[in-house]
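Here is the structure we will look at.
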Amino acid sequence: MEAVVGVTSILVAVDYIERVRAQWAERLPDIDTSPAEVGARVRRIAALLEAELADDLAAEEVTRAELDVLTALRRSGRPLRAGEVTTMTGSPGASITKRLDRLERAGLVERAVHERDKRGVLVALTARGESLVDELFPRQIEHERSALTDLSVTERAELGRLLAVVLRRLDPRDY
(Lines give C-alpha, C1' and ligand atoms only; values in the text may rest on other atoms or scores of the structure.)
Protein backbone atom coordinates (compact mmCIF):
# COMPACT_ATOMS: atom_id res chain seq x y z
CA MET A 1 0.00 0.00 0.00
CA GLU A 2 1.40 3.40 -0.90
CA ALA A 3 0.50 6.77 0.51
CA VAL A 4 1.27 9.73 -1.71
CA VAL A 5 2.33 12.93 0.02
CA GLY A 6 2.93 15.69 -2.49
CA VAL A 7 5.35 14.14 -4.95
CA THR A 8 6.93 11.86 -2.34
CA SER A 9 5.79 8.25 -2.22
CA ILE A 10 5.97 6.40 1.12
CA LEU A 11 5.77 2.63 1.29
CA VAL A 12 3.65 1.49 4.25
CA ALA A 13 4.13 -2.08 5.45
CA VAL A 14 0.93 -4.11 5.43
CA ASP A 15 0.86 -7.28 7.48
CA TYR A 16 -1.10 -10.46 6.86
CA ILE A 17 -3.96 -9.44 9.16
CA GLU A 18 -4.43 -6.07 7.45
CA ARG A 19 -4.67 -7.86 4.09
CA VAL A 20 -7.24 -10.31 5.49
CA ARG A 21 -9.29 -7.47 7.01
CA ALA A 22 -9.27 -5.62 3.70
CA GLN A 23 -10.50 -8.76 1.93
CA TRP A 24 -13.32 -9.17 4.46
CA ALA A 25 -14.23 -5.49 4.09
CA GLU A 26 -14.80 -6.16 0.38
CA ARG A 27 -16.86 -9.31 0.94
CA LEU A 28 -18.76 -8.38 4.12
CA PRO A 29 -18.55 -4.58 4.48
CA ASP A 30 -21.09 -4.44 7.32
CA ILE A 31 -18.95 -6.60 9.64
CA ASP A 32 -16.63 -4.74 12.00
CA THR A 33 -13.39 -6.71 11.84
CA SER A 34 -11.48 -4.39 14.19
CA PRO A 35 -11.22 -7.08 16.93
CA ALA A 36 -8.97 -8.95 14.49
CA GLU A 37 -6.42 -6.18 15.02
CA VAL A 38 -5.67 -8.08 18.24
CA GLY A 39 -7.31 -11.50 18.11
CA ALA A 40 -6.11 -12.56 14.69
CA ARG A 41 -2.64 -11.18 15.35
CA VAL A 42 -2.38 -13.06 18.64
CA ARG A 43 -3.37 -16.30 16.88
CA ARG A 44 -0.96 -15.64 14.00
CA ILE A 45 1.93 -14.83 16.36
CA ALA A 46 1.18 -17.92 18.45
CA ALA A 47 1.10 -20.13 15.34
CA LEU A 48 4.41 -18.75 14.08
CA LEU A 49 6.08 -19.19 17.48
CA GLU A 50 4.67 -22.71 17.77
CA ALA A 51 6.06 -23.56 14.33
CA GLU A 52 9.54 -22.42 15.41
CA LEU A 53 9.33 -24.46 18.61
CA ALA A 54 7.96 -27.48 16.72
CA ASP A 55 11.32 -27.95 15.01
CA ASP A 56 13.07 -28.10 18.39
CA LEU A 57 10.46 -30.51 19.74
CA ALA A 58 10.50 -32.80 16.71
CA ALA A 59 14.23 -33.32 17.13
CA GLU A 60 13.53 -34.56 20.67
CA GLU A 61 10.40 -36.54 19.67
CA VAL A 62 8.21 -34.56 22.08
CA THR A 63 4.95 -32.79 21.26
CA ARG A 64 3.99 -29.31 22.44
CA ALA A 65 1.34 -30.80 24.72
CA GLU A 66 3.92 -33.16 26.23
CA LEU A 67 6.31 -30.26 26.78
CA ASP A 68 3.51 -28.48 28.66
CA VAL A 69 3.30 -31.47 31.01
CA LEU A 70 7.06 -31.60 31.46
CA THR A 71 7.35 -27.86 32.15
CA ALA A 72 4.47 -28.00 34.65
CA LEU A 73 6.35 -30.69 36.56
CA ARG A 74 9.61 -28.74 36.36
CA ARG A 75 8.03 -25.48 37.56
CA SER A 76 6.38 -27.17 40.50
CA GLY A 77 9.67 -28.46 41.85
CA ARG A 78 7.94 -31.51 43.30
CA PRO A 79 6.02 -34.60 42.16
CA LEU A 80 2.40 -33.83 41.24
CA ARG A 81 -0.84 -35.73 41.15
CA ALA A 82 -2.24 -36.14 37.65
CA GLY A 83 -5.12 -33.83 38.63
CA GLU A 84 -2.64 -31.11 39.50
CA VAL A 85 -1.00 -31.49 36.09
CA THR A 86 -4.46 -31.23 34.52
CA THR A 87 -5.11 -27.99 36.38
CA MET A 88 -1.71 -26.49 35.62
CA THR A 89 -1.89 -27.26 31.89
CA GLY A 90 -5.61 -26.67 31.39
CA SER A 91 -5.85 -29.99 29.52
CA PRO A 92 -8.53 -32.67 29.99
CA GLY A 93 -7.70 -35.52 32.36
CA ALA A 94 -7.90 -38.20 29.65
CA SER A 95 -5.40 -36.26 27.53
CA ILE A 96 -3.02 -35.95 30.48
CA THR A 97 -3.21 -39.69 31.12
CA LYS A 98 -2.26 -40.43 27.49
CA ARG A 99 0.59 -37.90 27.61
CA LEU A 100 1.90 -39.31 30.88
CA ASP A 101 1.79 -42.84 29.42
CA ARG A 102 3.86 -41.70 26.43
CA LEU A 103 6.30 -39.65 28.56
CA GLU A 104 6.77 -42.56 30.96
CA ARG A 105 7.54 -44.93 28.06
CA ALA A 106 10.07 -42.35 26.80
CA GLY A 107 11.75 -42.30 30.22
CA LEU A 108 10.95 -38.63 30.86
CA VAL A 109 8.57 -39.07 33.81
CA GLU A 110 7.95 -41.71 36.43
CA ARG A 111 4.88 -42.56 38.44
CA ALA A 112 4.82 -43.69 42.05
CA VAL A 113 2.04 -44.57 44.46
CA HIS A 114 1.45 -41.79 46.99
CA GLU A 115 2.81 -42.97 50.35
CA ARG A 116 -0.08 -41.65 52.48
CA ASP A 117 -2.88 -42.23 49.96
CA LYS A 118 -2.33 -45.53 48.17
CA ARG A 119 -5.08 -44.63 45.67
CA GLY A 120 -3.16 -41.60 44.46
CA VAL A 121 -0.33 -41.62 41.96
CA LEU A 122 2.38 -39.01 41.91
CA VAL A 123 4.17 -38.04 38.72
CA ALA A 124 7.76 -36.78 38.75
CA LEU A 125 10.33 -35.86 36.15
CA THR A 126 13.20 -38.26 35.67
CA ALA A 127 16.70 -36.82 35.42
CA ARG A 128 16.37 -37.17 31.64
CA GLY A 129 13.03 -35.32 31.68
CA GLU A 130 14.45 -32.49 33.78
CA SER A 131 17.45 -32.20 31.48
CA LEU A 132 15.19 -32.05 28.43
CA VAL A 133 13.07 -29.25 29.92
CA ASP A 134 16.21 -27.36 30.90
CA GLU A 135 17.33 -27.60 27.26
CA LEU A 136 14.01 -26.85 25.50
CA PHE A 137 12.49 -24.16 27.71
CA PRO A 138 15.32 -21.63 27.14
CA ARG A 139 14.94 -22.20 23.38
CA GLN A 140 11.23 -21.40 23.63
CA ILE A 141 12.00 -18.21 25.57
CA GLU A 142 14.60 -17.24 22.97
CA HIS A 143 12.07 -17.62 20.15
CA GLU A 144 9.70 -15.35 22.09
CA ARG A 145 12.47 -12.85 22.87
CA SER A 146 13.40 -12.72 19.20
CA ALA A 147 9.78 -12.03 18.22
CA LEU A 148 9.72 -9.03 20.59
CA THR A 149 13.07 -7.56 19.52
CA ASP A 150 11.51 -4.48 17.88
CA LEU A 151 9.72 -3.48 21.11
CA SER A 152 11.32 -1.49 23.90
CA VAL A 153 11.26 -2.84 27.44
CA THR A 154 8.44 -0.41 28.24
CA GLU A 155 6.44 -1.47 25.18
CA ARG A 156 6.88 -5.15 26.04
CA ALA A 157 5.67 -4.52 29.58
CA GLU A 158 2.62 -2.61 28.31
CA LEU A 159 1.81 -5.30 25.76
CA GLY A 160 2.09 -7.95 28.46
CA ARG A 161 -0.14 -5.94 30.79
CA LEU A 162 -2.83 -5.44 28.14
CA LEU A 163 -2.80 -9.08 27.06
CA ALA A 164 -3.12 -10.10 30.73
CA VAL A 165 -6.35 -8.08 30.94
CA VAL A 166 -7.77 -9.96 27.96
CA LEU A 167 -6.55 -13.32 29.25
CA ARG A 168 -8.16 -12.79 32.68
CA ARG A 169 -11.46 -12.09 30.93
CA LEU A 170 -11.25 -15.31 28.92
CA ASP A 171 -9.58 -17.51 31.54
CA PRO A 172 -10.59 -16.31 35.00
CA ARG A 173 -9.26 -19.41 36.80
CA ASP A 174 -6.69 -18.83 39.49
CA TYR A 175 -3.91 -21.32 38.87
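Following the order of the C-alpha coordinates, chains are lettered A, B, ..., residues in each are numbered from 1, and ligands are numbered from 1.
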
Test item, alpha helix (DSSP H) assignment across range 7-88 of chain A, answer as a PyMOL selection string
chain A and resi 16-27+39-60+64-76+82-88

Each range 126-163 of chain A residue no farther than 12 Å from range 87-110 of chain A, nearest pair in Å, only C-alpha atoms, as a Markdown table:
```
| residue | atom | partner | partner_atom | distance |
| --- | --- | --- | --- | --- |
| A:Thr126 | CA | A:Val109 | CA | 5.1 |
| A:Ala127 | CA | A:Leu108 | CA | 7.6 |
| A:Arg128 | CA | A:Leu108 | CA | 5.7 |
| A:Gly129 | CA | A:Leu108 | CA | 4.0 |
| A:Glu130 | CA | A:Leu108 | CA | 7.6 |
| A:Ser131 | CA | A:Leu108 | CA | 9.2 |
| A:Leu132 | CA | A:Leu108 | CA | 8.2 |
| A:Val133 | CA | A:Leu108 | CA | 9.7 |
```

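Residue nearest Pro35 in chain A within the list A:Ala13, A:Ile141, A:Ala147, A:Val166: A:Val166 [criterion: smallest interatomic distance, only C-alpha atoms].
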
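Minimum distance to Ala124 in chain A across A:Ser152, A:Thr71, A:Thr33, A:Ser146 (counting only C-alpha atoms) occurs at A:Thr71.
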
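Minimum atom-to-atom distance to Leu162 in chain A, evaluated using only C-alpha atoms, belongs to A:Val38 out of A:Arg21, A:Val38, A:Arg111, A:Leu28.
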
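These are the residues of chain A assigned strand (DSSP E) by DSSP from backbone coordinates: A:Glu2, A:Ala3, A:Val4, A:Val5, A:Thr8, A:Ser9, A:Ile10, A:Leu11, A:Leu80, A:Arg81, A:Val109, A:Glu110, A:Arg111, A:Ala112, A:Val113, A:Val121, A:Leu122, A:Val123, A:Ala124, A:Leu125.
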
Any idea what the distance is between CA of Val14 in chain A and CA of Asp55 in chain A?
27.7 Å
